[in-house]
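Trainee: Below is one structure. I have some questions about it.
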Amino acid sequence: MKLTRRSFLGTTGLAGVALAGARGLGATELAVAQADLRRPTGAVDIVARDESYWERVAATYRVPSGHTNLEAGYFGMMAAPVLAAYHRHIDRVNMESSYYVRRQYAADAEAVRTRTAKFLGATPGEVVITRGATEALQRLIVQYNKIGPGDEVMYADLDYSAMQFAMNSLVARRGATVAMLDIPEPATRDNVLAAYAAALKAHPRVKLLLLTHLNNKTGLVIPVKEIVALARAQGADVVVDAAHSFGQMDLTLDDLGADFVGCNLHKWIGAPVGVGVMYIKAGRLADVDRMLGDEGSPADIDSRLHTGTTNFATTLTVPAAIDFHEAVGGSYKAARIRYLRDRWVSAVRGTRGVDILTPDERDMVAGITSFRIRGRVGRDDNQAVAAELLDRYGLFTVWRTGLSGGDCVRVTPALYNTPAHADRLAEALTAIAGR
Ligand SMILES: Cc1ncc(COP(=O)(O)O)c(C=O)c1O
């Protein structure tokens, strides 16, 4: 694969930021990272448009020259210092093997847990490192034990299918049933809240509600905290799928207000693929069974997940990813991604024949947004649009399905994208819709 001049050595760096003393980055990465990247001062929204700064941030990602990736929603690319840390951990684990893992890994993994908990706004005893959001959410759902015959669980059409399956599995084992709701399209803060309020009112026996905070199909962000309060008021617990939230948005667990949350660190925090977090709020452990007869202490969250031999290097790289994320700055990163999103969306929002499926309301969207060429609701239609974007315009996006209104194409910018990429997408969509 041909690489652009953004190869990381010699071009990366984060100067004058919180990296000094960071535990995740080794001396080499730290030196590289401190080379030349100094964030300008000023309001977040102004910095979000400072191209000379973002050019230097983008240079910390090694990207291919043949296409432009606008599909960062699948998993995140590691920035160069994080990739270097990952390589270092792989080398060490491979070289020292069981000698390292048996003698030192447990302490290192505890440090990772502590760092991750602090980043999310939790205590170490409330989190456990998982292989991703799926593992965390499946455990939270199927091991939830406050549900019995005649009770209900609730999820929406837009929720992630693997979590819907887990909810189905829970009710099948416990003699409960599923209540579903459709999230309105187009969605607004008011109609989403009203939809959940009405659905909960119509189903007073709901004991567990699944909420996807930032939707993978459309990018819709729902007002989780308010919905959690509605559910709690009628005695229902909430599991929040936050697979896309941390790192794409600037937030902490407190902003979600839920007692049970699953997320990953390999999408928007930029850790290596295969790592996530399960969160159970202090005081709620008793409501989640230990995993498959685990005989660990009921008072220890580790008894709720048993992964087995794990990818040590991936877990060990998490602090480096958090270091880099915090060095860029959660609020700056979120604002930059949102700026790139708003740029292409505002250019095509009024274009005849292009339906943008995500609202522009400030708190209802982050970086992900999906569109549909009007009337093209099928799989083949949308795959053809994504194929044309790639073949003719060099823009990589992805077809998504499972929305009640029909299939769509999802666009997800990341820190290595530029306004020119957003403009090119807008031109392409205008041309496709105009035919
Ligand atoms: C909304 C949502 N939930 C859960 C997942 C699963 O995440 P993971 O790959 O970390 O298991 C994804 C992944 O795309 C997602 O978009």
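We label chains A, B, ... in the order they appear in the structure tokens, count residues from 1 in each chain, and number ligands from 1 in the order shown.
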If the limit is 6 Å from any atom of ligand 1, counting only C-alpha atoms and all ligand atoms, which residues qualify? Return them as number ranges by chain.

Mentor: A: 74, 132-134, 160, 212, 215-216, 241, 243, 264

Trainee: Just the residues within 7 Å of region 402-416 of chain A, please, counting only C-alpha atoms, with nothing from its chain fewer than 5 positions along; format it as a PyMOL selection string.

Mentor: chain A and resi 58+61+70-73+157-158+217-218+337+340-341+367-372+377-379+382+386+397

Trainee: Which residue out of A:His89, A:Lys146, A:His325, A:Arg352 has the minimum interatomic distance to Gly375 (chain A) when only C-alpha atoms are used?

Mentor: A:Arg352

Trainee: Using only C-alpha atoms, find each residue of region 214-305 of chain A with at least one atom at most 12 Å away from an atom of region 181-187 of chain A; report its shortest atom-to-atom pair and that distance in Å (one decimal), sort the rows by chain and rising residue number, and return the result as a Markdown table.

Mentor:
```
| residue | atom | partner | partner_atom | distance |
| --- | --- | --- | --- | --- |
| A:Asn215 | CA | A:Ile183 | CA | 10.9 |
| A:Thr218 | CA | A:Glu185 | CA | 10.3 |
| A:Gly219 | CA | A:Ala187 | CA | 11.1 |
| A:Leu220 | CA | A:Ala187 | CA | 7.9 |
| A:Val221 | CA | A:Ala187 | CA | 9.7 |
| A:Ile222 | CA | A:Ala187 | CA | 9.2 |
| A:Pro223 | CA | A:Ala187 | CA | 11.6 |
```

Trainee: Could those residues be written to a file, using N, CA and C atoms, as a CSV table (one decimal), in the first residue's frame?

Mentor:
```csv
chain,number,residue,atom,x,y,z
A,215,ASN,N,-26.5,6.5,17.9
A,215,ASN,CA,-26.9,5.4,17.0
A,215,ASN,C,-25.9,5.1,15.9
A,218,THR,N,-27.7,5.8,12.1
A,218,THR,CA,-28.0,7.1,11.6
A,218,THR,C,-27.2,8.2,12.3
A,219,GLY,N,-26.5,7.9,13.4
A,219,GLY,CA,-25.8,8.9,14.1
A,219,GLY,C,-26.6,9.7,15.1
A,220,LEU,N,-27.9,9.4,15.2
A,220,LEU,CA,-28.8,10.1,16.1
A,220,LEU,C,-28.3,9.9,17.6
A,221,VAL,N,-28.3,11.0,18.3
A,221,VAL,CA,-27.9,11.0,19.7
A,221,VAL,C,-29.2,11.2,20.5
A,222,ILE,N,-29.6,10.3,21.4
A,222,ILE,CA,-30.8,10.4,22.1
A,222,ILE,C,-30.6,11.0,23.5
A,223,PRO,N,-31.6,11.7,24.1
A,223,PRO,CA,-31.4,12.3,25.4
A,223,PRO,C,-31.4,11.2,26.5
```

Trainee: Quote the spacing between CA of Leu395 (chain A) and CA of Asn417 (chain A) in Å to one decimal place.

Mentor: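 Separation between CA of Leu395 (chain A) and CA of Asn417 (chain A): 11.0 Å.
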
Trainee: Taking 2 positions as the minimum chain separation for residues in the same chain, which residues sit within 9 Å of Met291 (chain A) when counting only C-alpha atoms? Answer as a list in words.

Mentor: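 Neighbouring residues, sequence-local ones excluded: Arg139, Gln143, Val288, Asp289, Gly293, Asp294, Glu295, Ser303, Arg304, Leu305 and His306 of chain A.
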
Trainee: Store the residues of this selection in a file with N, CA and C atoms, as a PDB file, in the first residue's frame.

Mentor:
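Saved result, result-v1.pdb, follows:
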```pdb
ATOM      1  N   ARG A 139     -23.097  -9.275  28.549  1.00  0.00           N
ATOM      2  CA  ARG A 139     -23.021  -9.705  29.941  1.00  0.00           C
ATOM      3  C   ARG A 139     -24.035  -8.945  30.793  1.00  0.00           C
ATOM      4  N   GLN A 143     -27.129 -11.298  32.153  1.00  0.00           N
ATOM      5  CA  GLN A 143     -26.935 -11.600  33.579  1.00  0.00           C
ATOM      6  C   GLN A 143     -27.800 -10.710  34.490  1.00  0.00           C
ATOM      7  N   VAL A 288     -26.738  -7.991  38.833  1.00  0.00           N
ATOM      8  CA  VAL A 288     -26.135  -8.639  37.653  1.00  0.00           C
ATOM      9  C   VAL A 288     -25.455  -9.913  38.156  1.00  0.00           C
ATOM     10  N   ASP A 289     -25.946 -11.047  37.680  1.00  0.00           N
ATOM     11  CA  ASP A 289     -25.377 -12.327  38.152  1.00  0.00           C
ATOM     12  C   ASP A 289     -23.904 -12.441  37.796  1.00  0.00           C
ATOM     13  N   GLY A 293     -21.611 -19.171  36.510  1.00  0.00           N
ATOM     14  CA  GLY A 293     -21.183 -19.914  37.700  1.00  0.00           C
ATOM     15  C   GLY A 293     -19.827 -19.494  38.245  1.00  0.00           C
ATOM     16  N   ASP A 294     -19.333 -18.370  37.814  1.00  0.00           N
ATOM     17  CA  ASP A 294     -18.061 -17.870  38.346  1.00  0.00           C
ATOM     18  C   ASP A 294     -18.140 -17.869  39.889  1.00  0.00           C
ATOM     19  N   GLU A 295     -17.092 -18.320  40.520  1.00  0.00           N
ATOM     20  CA  GLU A 295     -17.107 -18.398  41.982  1.00  0.00           C
ATOM     21  C   GLU A 295     -16.275 -17.300  42.639  1.00  0.00           C
ATOM     22  N   SER A 303     -16.123 -10.861  38.798  1.00  0.00           N
ATOM     23  CA  SER A 303     -16.879 -12.113  38.725  1.00  0.00           C
ATOM     24  C   SER A 303     -18.010 -12.020  37.696  1.00  0.00           C
ATOM     25  N   ARG A 304     -18.260 -10.829  37.149  1.00  0.00           N
ATOM     26  CA  ARG A 304     -19.336 -10.655  36.153  1.00  0.00           C
ATOM     27  C   ARG A 304     -18.833 -10.868  34.731  1.00  0.00           C
ATOM     28  N   LEU A 305     -17.530 -11.083  34.582  1.00  0.00           N
ATOM     29  CA  LEU A 305     -16.988 -11.281  33.217  1.00  0.00           C
ATOM     30  C   LEU A 305     -15.769 -12.174  33.315  1.00  0.00           C
ATOM     31  N   HIS A 306     -15.757 -13.220  32.495  1.00  0.00           N
ATOM     32  CA  HIS A 306     -14.582 -14.087  32.478  1.00  0.00           C
ATOM     33  C   HIS A 306     -14.162 -14.263  31.025  1.00  0.00           C
TER      34      HIS A 306
END
```

Trainee: So what do you get for CA of Asp254 (chain A) versus CA of Lys281 (chain A), distance-wise?

Mentor: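 Computing the Euclidean distance for CA of Asp254 (chain A) and CA of Lys281 (chain A) yields 10.5 Å.
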
Trainee: As a compact mmCIF listing (two decimals) with C-alpha atoms, in the first residue's frame, which residues of region 171-288 of chain A does DSSP assign to strand (DSSP E)?

Mentor:
```txt
# COMPACT_ATOMS: atom_id res chain seq x y z
CA THR A 177 -41.69 -10.54 26.97
CA VAL A 178 -40.35 -7.81 24.70
CA ALA A 179 -42.00 -4.45 24.03
CA MET A 180 -40.62 -2.55 21.04
CA LEU A 181 -40.83 1.04 19.98
CA VAL A 206 -40.95 -2.93 31.74
CA LYS A 207 -38.07 -3.82 34.06
CA LEU A 208 -35.13 -3.33 31.69
CA LEU A 209 -34.76 -0.78 28.90
CA LEU A 210 -31.98 -0.82 26.30
CA LEU A 211 -30.87 2.57 24.99
CA THR A 212 -28.33 3.23 22.27
CA ASP A 237 -33.44 -0.14 34.90
CA VAL A 238 -31.54 0.96 31.81
CA VAL A 239 -28.60 -0.57 29.99
CA VAL A 240 -26.88 2.02 27.82
CA ASP A 241 -25.08 1.02 24.65
CA PHE A 260 -25.28 -0.18 33.50
CA VAL A 261 -23.17 0.90 30.51
CA GLY A 262 -21.13 -0.90 27.87
CA CYS A 263 -18.71 0.78 25.54
CA ASN A 264 -15.57 0.11 23.58
CA GLY A 276 -13.98 -2.11 25.77
CA VAL A 277 -15.45 -1.48 29.19
CA MET A 278 -18.34 -2.80 31.24
CA TYR A 279 -19.61 -0.37 33.88
CA ILE A 280 -21.82 -1.30 36.82
```

Trainee: Could you state the separation of CA of Ala242 (chain A) and CA of Leu214 (chain A) in Å, given to one decimal place?

Mentor: 6.7 Å

Trainee: Please return as a VMD selection string: the residues of region 330-375 of chain A that backbone DSSP assigns to helix (DSSP H, G or I).

Mentor: chain A and resid 330 to 348 362 to 364

Trainee: My list of candidates is A:Leu140, A:Ala335, A:Ala80, A:Val128. Which is closest to Thr60 (chain A) when distances are computed with only C-alpha atoms?

Mentor: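 Of A:Leu140, A:Ala335, A:Ala80, A:Val128, the one nearest Thr60 (chain A) is A:Ala80, counting only C-alpha atoms.
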